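Before any comments, here is the structure.
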Amino acid sequence: MLRYFRPGLATLLLFLLPAGFPASGQTPDADTAPLREVHAEGEKLLTEAQIIAITGLVAGAQIGRNDLQTAANRLVQTGLFAKVSFNFQSKVTGILVTYHVEESPRIPVYFDNIPWFTDSA
């Protein structure tokens with residue numbers, strides 16, 4: 001009896017062992033999630049849609065924390081914002097992110113005494 005038990009147990013384990021480990025190619029990366037909503041707060045001269053367009057984030061895309069930081073860096077690199085911060089919430093349906101911006105002051109520039117333009121133009 002013991003003579004047939006060991007090969008049977010070994011065969012059973014051989015078939016059941018791979019079923020316990022999911023294939024890594026079938027599961028999405030745990031560090032990313034789908035982006036559901038992007039919002040911007042603190043805008044004065046630009047609209048929320050314009051700020052979101054600058055970030056380059058698209059709803060439905062798989063994103064990670066580095067992507068959120070890269071989008072914040074894009075906002076800062078425009079020079080339009082003095083301060084940029086963001087917070088995000090992980091939900092079952094995806095990530096909700098809000099960028100908090102403080103626009104830089106804008107200074108009007110006037111050019112005077114340009115020889116090829118007349119004052120009437």
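Every chain in the structure tokens has a letter given in the order shown (A, B, ...), and although residue numbers restart at 1 in each chain, ligands are simply numbered from 1 in the order shown.
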Could you please write out, as a short mmCIF file (atom, residue, chain, number, x, y, z; two decimals) with N, CA and C atoms, in the first residue's frame, every residue of segment 70-119 of chain A that DSSP assigns to helix (DSSP H, G or I)?
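Final output, result36.cif:
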```
data_model
loop_
_atom_site.label_atom_id
_atom_site.label_comp_id
_atom_site.auth_asym_id
_atom_site.auth_seq_id
_atom_site.Cartn_x
_atom_site.Cartn_y
_atom_site.Cartn_z
N THR A 70 5.50 63.22 -12.57
CA THR A 70 5.93 63.76 -13.87
C THR A 70 4.95 64.81 -14.36
N ALA A 71 3.65 64.57 -14.16
CA ALA A 71 2.64 65.55 -14.56
C ALA A 71 2.78 66.83 -13.74
N ALA A 72 3.06 66.72 -12.45
CA ALA A 72 3.28 67.90 -11.61
C ALA A 72 4.52 68.65 -12.07
N ASN A 73 5.56 67.93 -12.44
CA ASN A 73 6.78 68.57 -12.95
C ASN A 73 6.51 69.33 -14.24
N ARG A 74 5.64 68.79 -15.10
CA ARG A 74 5.28 69.50 -16.34
C ARG A 74 4.62 70.83 -16.02
N LEU A 75 3.75 70.84 -15.02
CA LEU A 75 3.08 72.09 -14.64
C LEU A 75 4.10 73.12 -14.16
N VAL A 76 5.05 72.69 -13.36
CA VAL A 76 6.07 73.62 -12.83
C VAL A 76 6.95 74.13 -13.96
N GLN A 77 7.31 73.27 -14.90
CA GLN A 77 8.22 73.65 -15.98
C GLN A 77 7.63 74.68 -16.93
#
```
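Closest to Glu43 of chain A among A:Ser104, A:Gln69, A:Gln62, A:Gln89 is A:Ser104, based on only C-alpha atoms.
Our summary of the geometry notes that atom CA of Glu103 of chain A is positioned 5.5 Å from atom CA of Ala82 of chain A.
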